[in-house]
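Okay, structure first, notes after.
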Amino acid sequence: MSTKQHFNINASAYEETAGATSGRLAAVALSHLPLSSYTSSSHILDSAAGPGIVAKLLLSSSPADVSVPGLPISPPPRVTGIDLAPVMIESFLANKAALGWTTADALVQDSGDLSPFKYAEFDAVVMNLGIFTLKDPVAGVAEIYRVLKPGGYAVITTWKARRAPEILQGALDAIRPNSGLKPMYMPPEWLTKEKLVSVMEAGGFPSDQIKISESSPNWETGSGEGAVKALSSPMWTAKLWEGWSNEEKIRWGGEIRKQLRDHEKETGILEMSAWICVARKTS
């Protein structure tokens with residue numbers, strides 16, 4: 001199953017299980033933008049938009065666990081969302097309708113190919129947890145650079161530490177030790193800031209215009225049992241369980257519990273930290 005097929009099947013599960021964590025990270029990332037300078041004539045690209053987590057922060061009232069001065073932006077800027085998975089764009093447009101985003105639109109489009117957009121079209125491009133999924137990240141960043149206005153900003157995030165995949169891997173190995181599968185796999189180099197910086201530089205951003213910071217949005221599931229439920233979502237198990245027997249599936253929850261550390265069982269908080277890159281196009 002390809003990444004596109006996976007997200008097509010599990011779009012609603014993504015927002016339900018990972019949306020809050022992704023949203024907290026996106027909020028911190030957006031705080032690095034000159035939010036007060038944006039107006040109704042500004043245009044922001046939400047790349048690898050998913051169901052519109054970034055757009056929601058830009059255009060709707062923030063959730064209780066997010067407090068960023070300048071969000072939402074008023075008057076609202078124009079926001080364009082793109083994602084390779086059609087069901088994610090359907091979810092984005094459903095959020096647009098439900099939340100009254102009159103200045104937003106979205107289309108199915110590969111985030112590595114921004115050919116539908118003109119040179120210097122956007123004041124900002126935000127890609128939250130998408131850069132490491134691109135077939136050619138350097139070419140993708142070059143496209144971001146092309147569509148940014150001079151003085152515009154790219155905000156790109158990638159993970160630094162991810163506890164959830166460790167737990168999934170432990171449970172999987174206990175049930176099927178020779179499966180060869182790697183849940184939520186990311187090439188290890190993408191967990192380093194050096195990889196992110198090198199890709200931004202190779203894509204055209206001057207090194208003195210690239211700033212890196214960290215954030216720890218964590219995955220807050222409410223309790224140990226909440227963590228078991230979250231890690232049993234089809235978002236993570238759909239691919240892993242292909243060809244499994246009922247007996248193997250029944251074992252899953254118990255093996256997840258065995259992987260949880262004591263403080264994770266008590267709090268339901270799984271460590272997730274990320275790198276935030278803010279890069280400015282100078283000319």
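Labeling convention for the structure tokens: chains A, B, ... as they appear, residues from 1 per chain, ligands from 1 in order of appearance.
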
Residues within 7 Å of Glu214 of chain A, please, as a tab-separated table (two decimals) with all heavy atoms, in the first residue's frame. Count only C-alpha atoms; anything in the same chain fewer than 5 positions from it doesn't count.
chain	number	residue	atom	x	y	z
A	274	ALA	N	10.27	17.80	17.56
A	274	ALA	CA	10.41	18.12	16.15
A	274	ALA	C	11.37	19.28	15.92
A	274	ALA	O	11.62	20.09	16.81
A	274	ALA	CB	9.04	18.47	15.56
A	275	TRP	N	11.89	19.33	14.70
A	275	TRP	CA	12.66	20.47	14.22
A	275	TRP	C	11.76	21.39	13.43
A	275	TRP	O	10.90	20.93	12.68
A	275	TRP	CB	13.80	20.01	13.30
A	275	TRP	CG	14.81	19.09	13.92
A	275	TRP	CD1	14.99	17.76	13.64
A	275	TRP	CD2	15.78	19.43	14.91
A	275	TRP	NE1	16.01	17.25	14.41
A	275	TRP	CE2	16.53	18.25	15.20
A	275	TRP	CE3	16.11	20.61	15.59
A	275	TRP	CZ2	17.56	18.22	16.12
A	275	TRP	CZ3	17.14	20.57	16.52
A	275	TRP	CH2	17.86	19.40	16.77
A	276	ILE	N	11.94	22.69	13.63
A	276	ILE	CA	11.23	23.70	12.86
A	276	ILE	C	12.25	24.53	12.10
A	276	ILE	O	13.17	25.09	12.70
A	276	ILE	CB	10.39	24.62	13.77
A	276	ILE	CG1	9.34	23.83	14.53
A	276	ILE	CG2	9.75	25.75	12.96
A	276	ILE	CD1	8.62	24.62	15.61

(request) Would you list, as a ChimeraX atom specification, the residues of segment 83-277 of chain A that end up in strand (DSSP E) under DSSP run on this structure's backbone? (result) /A:83,104-108,122-128,148-162,210-215,219-220,269-270,272-277

Store the residues picked out above, limited to C-alpha atoms, as a CSV table (one decimal), in the first residue's frame.
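The resulting file, result-v8.csv, is shown below:
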chain,number,residue,atom,x,y,z
A,83,ASP,CA,-2.2,17.3,-0.8
A,104,ALA,CA,-9.5,29.2,1.5
A,105,ASP,CA,-9.4,26.6,-1.3
A,106,ALA,CA,-7.7,23.3,-1.9
A,107,LEU,CA,-6.7,21.0,-4.7
A,108,VAL,CA,-5.2,17.5,-5.1
A,122,PHE,CA,3.0,33.3,-2.0
A,123,ASP,CA,3.9,35.3,1.0
A,124,ALA,CA,4.5,32.1,3.0
A,125,VAL,CA,4.7,28.4,2.3
A,126,VAL,CA,4.1,26.0,5.3
A,127,MET,CA,4.8,22.3,5.1
A,128,ASN,CA,4.1,20.6,8.4
A,148,LEU,CA,7.7,32.5,-2.7
A,149,LYS,CA,7.7,36.2,-3.1
A,150,PRO,CA,11.0,38.0,-2.3
A,151,GLY,CA,11.0,38.4,1.4
A,152,GLY,CA,8.6,35.5,1.9
A,153,TYR,CA,9.1,32.7,4.3
A,154,ALA,CA,9.1,28.9,4.1
A,155,VAL,CA,8.2,27.1,7.3
A,156,ILE,CA,9.1,23.4,7.3
A,157,THR,CA,8.9,20.8,10.1
A,158,THR,CA,10.2,17.3,10.5
A,159,TRP,CA,10.5,15.0,13.5
A,160,LYS,CA,13.4,14.9,15.9
A,161,ALA,CA,12.3,12.1,18.3
A,162,ARG,CA,9.3,9.8,18.0
A,210,ILE,CA,17.8,29.6,7.6
A,211,LYS,CA,16.9,29.3,11.3
A,212,ILE,CA,16.3,26.1,13.1
A,213,SER,CA,14.4,25.6,16.4
A,214,GLU,CA,12.9,22.8,18.4
A,215,SER,CA,9.5,22.0,19.7
A,219,TRP,CA,1.2,12.9,21.7
A,220,GLU,CA,-1.3,13.4,24.6
A,269,ILE,CA,1.9,11.2,27.1
A,270,LEU,CA,4.2,9.9,24.4
A,272,MET,CA,7.3,13.5,20.2
A,273,SER,CA,9.8,16.3,19.4
A,274,ALA,CA,10.4,18.1,16.1
A,275,TRP,CA,12.7,20.5,14.2
A,276,ILE,CA,11.2,23.7,12.9
A,277,CYS,CA,13.0,25.4,9.9

(message) I'd like the contact shell of Arg251 of chain A - 9 Å cut-off, only C-alpha atoms, skipping same-chain residues fewer than 5 positions apart - returned as a PyMOL selection string.
(response) chain A and resi 171+175+246+256

Just write the chosen residues, N, CA and C atoms, as a PDB file, in the first residue's frame.
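Result file follows (out_20.pdb):
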ATOM      1  N   ALA A 171       5.713  -3.868  19.632  1.00  0.00           N
ATOM      2  CA  ALA A 171       4.538  -4.743  19.600  1.00  0.00           C
ATOM      3  C   ALA A 171       4.560  -5.625  18.357  1.00  0.00           C
ATOM      4  N   ILE A 175       4.855  -9.934  18.034  1.00  0.00           N
ATOM      5  CA  ILE A 175       3.845 -10.779  17.396  1.00  0.00           C
ATOM      6  C   ILE A 175       4.373 -11.426  16.124  1.00  0.00           C
ATOM      7  N   ASN A 246      -6.911 -13.527  13.256  1.00  0.00           N
ATOM      8  CA  ASN A 246      -7.644 -12.881  14.349  1.00  0.00           C
ATOM      9  C   ASN A 246      -6.884 -12.998  15.659  1.00  0.00           C
ATOM     10  N   ILE A 256       1.054  -3.777  23.052  1.00  0.00           N
ATOM     11  CA  ILE A 256       1.253  -2.334  23.189  1.00  0.00           C
ATOM     12  C   ILE A 256       1.410  -1.959  24.658  1.00  0.00           C
TER      13      ILE A 256
END

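Within 7 Å of Thr21 of chain A, once only C-alpha atoms are used and residues closer than 4 positions along the same chain are dropped, the contacting residues are A:Leu25, A:Pro217, A:Asn218, A:Trp219.
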
(request) Can you pull out every residue within 9 Å of Ala94 of chain A, counting only C-alpha atoms, but drop anything in the same chain fewer than 5 positions away, and send it as a list in words? (result)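 Surrounding residues, per the criterion: Pro51, Ile89 and Leu99 of chain A.
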
Write the selection just made, keeping N, CA, C and O atoms, as a PDB file, in the first residue's frame?
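Contents of part.pdb, as written:
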ATOM      1  N   PRO A  51      -5.964  17.365   6.271  1.00  0.00           N
ATOM      2  CA  PRO A  51      -7.344  17.850   6.373  1.00  0.00           C
ATOM      3  C   PRO A  51      -7.452  19.353   6.653  1.00  0.00           C
ATOM      4  O   PRO A  51      -8.547  19.858   6.858  1.00  0.00           O
ATOM      5  N   ILE A  89      -7.965  16.121   0.785  1.00  0.00           N
ATOM      6  CA  ILE A  89      -8.512  17.365   0.246  1.00  0.00           C
ATOM      7  C   ILE A  89     -10.018  17.423   0.465  1.00  0.00           C
ATOM      8  O   ILE A  89     -10.578  18.496   0.744  1.00  0.00           O
ATOM      9  N   LEU A  99     -16.497  25.413   8.752  1.00  0.00           N
ATOM     10  CA  LEU A  99     -15.933  26.496   9.553  1.00  0.00           C
ATOM     11  C   LEU A  99     -15.996  27.853   8.853  1.00  0.00           C
ATOM     12  O   LEU A  99     -15.537  28.852   9.409  1.00  0.00           O
TER      13      LEU A  99
END

Per DSSP on the backbone, filter segment 16-217 of chain A down to the residues in alpha helix (DSSP H) and report them as a short mmCIF file (atom, residue, chain, number, x, y, z; two decimals) with N, CA and C atoms, in the first residue's frame.
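In the end it all went to part_31.cif:
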data_model
loop_
_atom_site.label_atom_id
_atom_site.label_comp_id
_atom_site.auth_asym_id
_atom_site.auth_seq_id
_atom_site.Cartn_x
_atom_site.Cartn_y
_atom_site.Cartn_z
N GLU A 16 -8.17 12.52 13.84
CA GLU A 16 -8.62 12.11 15.17
C GLU A 16 -7.46 11.71 16.07
N THR A 17 -6.49 10.97 15.53
CA THR A 17 -5.44 10.42 16.37
C THR A 17 -4.22 11.33 16.48
N ALA A 18 -3.83 11.95 15.37
CA ALA A 18 -2.58 12.73 15.35
C ALA A 18 -2.80 14.21 15.15
N GLY A 19 -4.04 14.62 14.94
CA GLY A 19 -4.32 16.01 14.61
C GLY A 19 -3.90 17.00 15.68
N ALA A 20 -4.13 16.67 16.94
CA ALA A 20 -3.80 17.61 18.02
C ALA A 20 -2.29 17.80 18.13
N THR A 21 -1.54 16.71 18.02
CA THR A 21 -0.08 16.79 18.08
C THR A 21 0.46 17.61 16.91
N SER A 22 -0.02 17.28 15.72
CA SER A 22 0.39 18.03 14.53
C SER A 22 0.00 19.49 14.64
N GLY A 23 -1.17 19.75 15.21
CA GLY A 23 -1.63 21.13 15.37
C GLY A 23 -0.78 21.93 16.33
N ARG A 24 -0.39 21.30 17.43
CA ARG A 24 0.47 22.01 18.39
C ARG A 24 1.82 22.36 17.75
N LEU A 25 2.36 21.42 17.00
CA LEU A 25 3.62 21.70 16.31
C LEU A 25 3.43 22.81 15.29
N ALA A 26 2.37 22.73 14.50
CA ALA A 26 2.12 23.75 13.48
C ALA A 26 1.96 25.13 14.10
N ALA A 27 1.31 25.20 15.26
CA ALA A 27 1.11 26.49 15.92
C ALA A 27 2.43 27.13 16.31
N VAL A 28 3.33 26.32 16.87
CA VAL A 28 4.66 26.85 17.22
C VAL A 28 5.39 27.29 15.97
N ALA A 29 5.29 26.49 14.91
CA ALA A 29 5.96 26.84 13.66
C ALA A 29 5.42 28.16 13.10
N LEU A 30 4.11 28.32 13.12
CA LEU A 30 3.49 29.54 12.59
C LEU A 30 3.86 30.77 13.41
N ILE A 53 -5.04 21.23 8.90
CA ILE A 53 -4.63 21.55 10.27
C ILE A 53 -3.99 22.93 10.34
N VAL A 54 -3.11 23.25 9.38
CA VAL A 54 -2.49 24.58 9.36
C VAL A 54 -3.53 25.64 9.01
N ALA A 55 -4.35 25.36 8.01
CA ALA A 55 -5.38 26.33 7.61
C ALA A 55 -6.32 26.64 8.77
N LYS A 56 -6.62 25.63 9.56
CA LYS A 56 -7.51 25.84 10.71
C LYS A 56 -6.90 26.82 11.71
N LEU A 57 -5.61 26.72 11.93
CA LEU A 57 -4.94 27.66 12.84
C LEU A 57 -4.92 29.07 12.26
N LEU A 58 -4.73 29.17 10.95
CA LEU A 58 -4.66 30.49 10.31
C LEU A 58 -6.01 31.18 10.27
N LEU A 59 -7.10 30.39 10.15
CA LEU A 59 -8.40 30.98 9.82
C LEU A 59 -9.47 30.81 10.88
N PRO A 86 -6.52 12.49 -2.36
CA PRO A 86 -7.82 13.12 -2.60
C PRO A 86 -8.73 13.18 -1.37
N VAL A 87 -8.69 12.13 -0.54
CA VAL A 87 -9.57 12.13 0.63
C VAL A 87 -9.15 13.21 1.64
N MET A 88 -7.84 13.50 1.73
CA MET A 88 -7.40 14.59 2.59
C MET A 88 -7.96 15.92 2.10
N ILE A 89 -7.96 16.12 0.78
CA ILE A 89 -8.51 17.36 0.25
C ILE A 89 -10.02 17.42 0.46
N GLU A 90 -10.70 16.29 0.37
CA GLU A 90 -12.12 16.26 0.69
C GLU A 90 -12.34 16.69 2.14
N SER A 91 -11.49 16.23 3.04
CA SER A 91 -11.61 16.62 4.45
C SER A 91 -11.31 18.11 4.62
N PHE A 92 -10.31 18.60 3.90
CA PHE A 92 -9.99 20.03 3.94
C PHE A 92 -11.21 20.85 3.51
N LEU A 93 -11.82 20.46 2.40
CA LEU A 93 -12.97 21.22 1.89
C LEU A 93 -14.19 21.08 2.80
N ALA A 94 -14.31 19.94 3.47
CA ALA A 94 -15.38 19.79 4.46
C ALA A 94 -15.17 20.73 5.63
N ASN A 95 -13.92 20.85 6.08
CA ASN A 95 -13.62 21.81 7.14
C ASN A 95 -13.88 23.24 6.68
N LYS A 96 -13.53 23.53 5.42
CA LYS A 96 -13.79 24.86 4.86
C LYS A 96 -15.27 25.19 4.95
N ALA A 97 -16.11 24.26 4.54
CA ALA A 97 -17.55 24.48 4.56
C ALA A 97 -18.09 24.61 5.98
N ALA A 98 -17.64 23.72 6.87
CA ALA A 98 -18.15 23.70 8.23
C ALA A 98 -17.72 24.92 9.03
N LEU A 99 -16.50 25.41 8.75
CA LEU A 99 -15.93 26.50 9.55
C LEU A 99 -16.00 27.85 8.85
N PRO A 137 13.19 15.74 -2.25
CA PRO A 137 13.02 16.89 -1.36
C PRO A 137 13.73 18.15 -1.82
N VAL A 138 14.92 18.02 -2.41
CA VAL A 138 15.64 19.21 -2.87
C VAL A 138 14.86 19.91 -3.98
N ALA A 139 14.35 19.13 -4.93
CA ALA A 139 13.54 19.72 -5.99
C ALA A 139 12.27 20.34 -5.42
N GLY A 140 11.70 19.70 -4.39
CA GLY A 140 10.52 20.24 -3.75
C GLY A 140 10.79 21.58 -3.08
N VAL A 141 11.94 21.70 -2.43
CA VAL A 141 12.30 22.97 -1.79
C VAL A 141 12.58 24.03 -2.85
N ALA A 142 13.20 23.63 -3.95
CA ALA A 142 13.44 24.58 -5.05
C ALA A 142 12.12 25.13 -5.58
N GLU A 143 11.09 24.29 -5.63
CA GLU A 143 9.77 24.74 -6.04
C GLU A 143 9.19 25.73 -5.01
N ILE A 144 9.37 25.43 -3.73
CA ILE A 144 8.92 26.36 -2.70
C ILE A 144 9.60 27.71 -2.87
N TYR A 145 10.90 27.66 -3.10
CA TYR A 145 11.65 28.91 -3.30
C TYR A 145 11.11 29.68 -4.50
N ARG A 146 10.79 28.97 -5.56
CA ARG A 146 10.30 29.63 -6.77
C ARG A 146 8.98 30.35 -6.53
N VAL A 147 8.05 29.72 -5.82
CA VAL A 147 6.71 30.31 -5.69
C VAL A 147 6.62 31.35 -4.57
N ARG A 163 8.43 8.67 19.91
CA ARG A 163 8.25 7.51 20.78
C ARG A 163 7.23 6.53 20.20
N ALA A 164 6.19 7.03 19.54
CA ALA A 164 5.13 6.16 19.04
C ALA A 164 5.65 5.04 18.13
N PRO A 165 6.52 5.33 17.15
CA PRO A 165 7.01 4.24 16.31
C PRO A 165 7.79 3.18 17.08
N GLU A 166 8.49 3.59 18.15
CA GLU A 166 9.22 2.61 18.96
C GLU A 166 8.25 1.61 19.59
N ILE A 167 7.13 2.13 20.07
CA ILE A 167 6.13 1.26 20.71
C ILE A 167 5.50 0.33 19.68
N LEU A 168 5.13 0.89 18.54
CA LEU A 168 4.55 0.08 17.47
C LEU A 168 5.51 -1.02 17.02
N GLN A 169 6.79 -0.66 16.88
CA GLN A 169 7.79 -1.64 16.44
C GLN A 169 7.95 -2.75 17.46
N GLY A 170 7.95 -2.39 18.74
CA GLY A 170 8.09 -3.40 19.78
C GLY A 170 6.93 -4.38 19.78
N ALA A 171 5.71 -3.87 19.63
CA ALA A 171 4.54 -4.74 19.60
C ALA A 171 4.56 -5.63 18.36
N LEU A 172 4.92 -5.04 17.23
CA LEU A 172 4.97 -5.79 15.98
C LEU A 172 6.00 -6.91 16.07
N ASP A 173 7.18 -6.61 16.59
CA ASP A 173 8.24 -7.61 16.67
C ASP A 173 7.87 -8.74 17.62
N ALA A 174 7.08 -8.42 18.65
CA ALA A 174 6.66 -9.46 19.59
C ALA A 174 5.69 -10.44 18.94
N ILE A 175 4.85 -9.93 18.03
CA ILE A 175 3.84 -10.78 17.40
C ILE A 175 4.37 -11.43 16.12
N LYS A 193 18.72 17.82 12.33
CA LYS A 193 18.58 19.16 11.76
C LYS A 193 19.53 19.37 10.59
N GLU A 194 20.64 18.65 10.59
CA GLU A 194 21.60 18.79 9.51
C GLU A 194 20.98 18.39 8.17
N LYS A 195 20.19 17.34 8.15
CA LYS A 195 19.52 16.92 6.93
C LYS A 195 18.56 18.01 6.45
N LEU A 196 17.79 18.55 7.35
CA LEU A 196 16.82 19.59 6.99
C LEU A 196 17.53 20.81 6.43
N VAL A 197 18.58 21.25 7.10
CA VAL A 197 19.32 22.43 6.65
C VAL A 197 19.94 22.19 5.28
N SER A 198 20.55 21.01 5.08
CA SER A 198 21.21 20.73 3.81
C SER A 198 20.22 20.73 2.66
N VAL A 199 19.03 20.23 2.88
CA VAL A 199 18.02 20.21 1.82
C VAL A 199 17.53 21.63 1.52
N MET A 200 17.36 22.44 2.56
CA MET A 200 16.92 23.83 2.34
C MET A 200 17.97 24.62 1.57
N GLU A 201 19.24 24.41 1.92
CA GLU A 201 20.32 25.10 1.20
C GLU A 201 20.40 24.64 -0.25
N ALA A 202 20.32 23.33 -0.46
CA ALA A 202 20.41 22.80 -1.82
C ALA A 202 19.23 23.25 -2.68
#

(request) Measure the distance from atom CA of Ser67 of chain A to atom CA of Ser216 of chain A in Å and round it to one decimal. (result)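 Taking atom CA of Ser67 of chain A and atom CA of Ser216 of chain A, their separation equals 15.1 Å.
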
(message) Which residues are close to Glu266 of chain A, i.e. within 10 Å by only C-alpha atoms, leaving aside same-chain residues fewer than 5 positions away? Reply as a count of residues only.
(response) 6

Please, which residues in segment 93-167 of chain A fall within 9 Å of segment 69-77 of chain A when counting only C-alpha atoms, and what is the closest atom pair and distance in Å to one decimal for each, ordered by chain then residue number, as a Markdown table?
| residue | atom | partner | partner_atom | distance |
| --- | --- | --- | --- | --- |
| A:Trp101 | CA | A:Pro76 | CA | 8.7 |
| A:Thr102 | CA | A:Pro76 | CA | 8.7 |
| A:Thr103 | CA | A:Pro77 | CA | 6.6 |
| A:Ala104 | CA | A:Pro77 | CA | 8.3 |

Restrict the selected residues to N, CA, C and O atoms and save them as a CSV table (one decimal), in the first residue's frame.
chain,number,residue,atom,x,y,z
A,101,TRP,N,-14.6,29.0,5.9
A,101,TRP,CA,-13.3,29.6,5.4
A,101,TRP,C,-13.6,30.2,4.0
A,101,TRP,O,-13.4,29.5,3.0
A,102,THR,N,-14.0,31.4,4.0
A,102,THR,CA,-14.3,32.0,2.7
A,102,THR,C,-13.1,32.4,1.8
A,102,THR,O,-13.3,32.6,0.6
A,103,THR,N,-12.0,32.4,2.4
A,103,THR,CA,-10.7,32.8,1.7
A,103,THR,C,-9.8,31.6,1.4
A,103,THR,O,-8.7,31.7,1.0
A,104,ALA,N,-10.3,30.4,1.6
A,104,ALA,CA,-9.5,29.2,1.5
A,104,ALA,C,-10.0,28.3,0.3
A,104,ALA,O,-11.2,28.3,0.0

(request) Check the smallest atom-to-atom distance from each of A:Ala120, A:Lys258, A:Gly268, A:Trp190 to Ala230 of chain A using only C-alpha atoms, then report the winner. (result)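 Selected residue with least distance to Ala230 of chain A: A:Gly268.
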
(message) What's around Thr237 of chain A at 12 Å? Count only C-alpha atoms, leave out sequence neighbours fewer than 6 positions away in its own chain, and write the answer as number ranges by chain.
(response) A: 6, 9-10, 13, 165, 168-169, 171-172, 181-184, 228-231, 243-244, 248-249, 252-253, 256

Any chance you can output those residues with N, CA and C atoms as a compact mmCIF listing (two decimals), in the first residue's frame?
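To be explicit, this is the file written out as again14.txt:
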# COMPACT_ATOMS: atom_id res chain seq x y z
N HIS A 6 -2.60 4.88 1.65
CA HIS A 6 -2.75 4.81 3.10
C HIS A 6 -3.51 6.01 3.64
N ILE A 9 -7.26 6.12 2.68
CA ILE A 9 -8.11 5.25 3.48
C ILE A 9 -8.30 5.79 4.89
N ASN A 10 -7.27 6.47 5.43
CA ASN A 10 -7.27 6.80 6.85
C ASN A 10 -7.28 8.29 7.15
N ALA A 13 -9.08 9.15 10.40
CA ALA A 13 -8.34 8.63 11.55
C ALA A 13 -7.12 9.49 11.84
N PRO A 165 6.52 5.33 17.15
CA PRO A 165 7.01 4.24 16.31
C PRO A 165 7.79 3.18 17.08
N LEU A 168 5.13 0.89 18.54
CA LEU A 168 4.55 0.08 17.47
C LEU A 168 5.51 -1.02 17.02
N GLN A 169 6.79 -0.66 16.88
CA GLN A 169 7.79 -1.64 16.44
C GLN A 169 7.95 -2.75 17.46
N ALA A 171 5.71 -3.87 19.63
CA ALA A 171 4.54 -4.74 19.60
C ALA A 171 4.56 -5.63 18.36
N LEU A 172 4.92 -5.04 17.23
CA LEU A 172 4.97 -5.79 15.98
C LEU A 172 6.00 -6.91 16.07
N LEU A 181 8.68 -5.28 8.62
CA LEU A 181 7.96 -4.01 8.53
C LEU A 181 8.51 -3.00 9.53
N LYS A 182 8.43 -1.73 9.18
CA LYS A 182 8.88 -0.65 10.06
C LYS A 182 7.77 0.39 10.15
N PRO A 183 6.95 0.34 11.20
CA PRO A 183 5.82 1.26 11.33
C PRO A 183 6.26 2.73 11.37
N MET A 184 5.53 3.58 10.65
CA MET A 184 5.80 5.02 10.64
C MET A 184 7.27 5.29 10.29
N VAL A 228 -3.06 3.00 24.26
CA VAL A 228 -3.31 1.72 23.60
C VAL A 228 -4.34 1.89 22.49
N LYS A 229 -5.40 2.63 22.77
CA LYS A 229 -6.44 2.86 21.76
C LYS A 229 -5.88 3.63 20.57
N ALA A 230 -5.11 4.68 20.85
CA ALA A 230 -4.56 5.50 19.77
C ALA A 230 -3.61 4.70 18.89
N LEU A 231 -2.82 3.84 19.51
CA LEU A 231 -1.85 3.05 18.75
C LEU A 231 -2.47 1.81 18.11
N GLY A 243 -2.97 -9.53 6.24
CA GLY A 243 -2.66 -10.96 6.28
C GLY A 243 -2.60 -11.55 7.67
N TRP A 244 -2.93 -10.77 8.71
CA TRP A 244 -2.87 -11.29 10.07
C TRP A 244 -4.08 -12.16 10.39
N GLU A 248 -3.67 -13.04 16.11
CA GLU A 248 -2.58 -12.05 16.13
C GLU A 248 -3.12 -10.66 16.42
N LYS A 249 -4.24 -10.33 15.80
CA LYS A 249 -4.84 -9.01 16.03
C LYS A 249 -5.27 -8.84 17.48
N TRP A 252 -2.59 -7.63 19.91
CA TRP A 252 -2.00 -6.31 19.69
C TRP A 252 -2.08 -5.41 20.92
N GLY A 253 -3.27 -5.25 21.48
CA GLY A 253 -3.44 -4.34 22.61
C GLY A 253 -2.56 -4.71 23.79
N ILE A 256 1.05 -3.78 23.05
CA ILE A 256 1.25 -2.33 23.19
C ILE A 256 1.41 -1.96 24.66

(request) Kindly give the distance, in Å, that separates atom CA of Ser40 of chain A and atom CA of Gly204 of chain A, rounded to a single decimal. (result) 28.3 Å

(request) To one decimal in Å, tell me the separation between atom CA of Glu121 of chain A and atom CA of His43 of chain A. (result)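 Interatomic distance, atom CA of Glu121 of chain A to atom CA of His43 of chain A: 7.4 Å.
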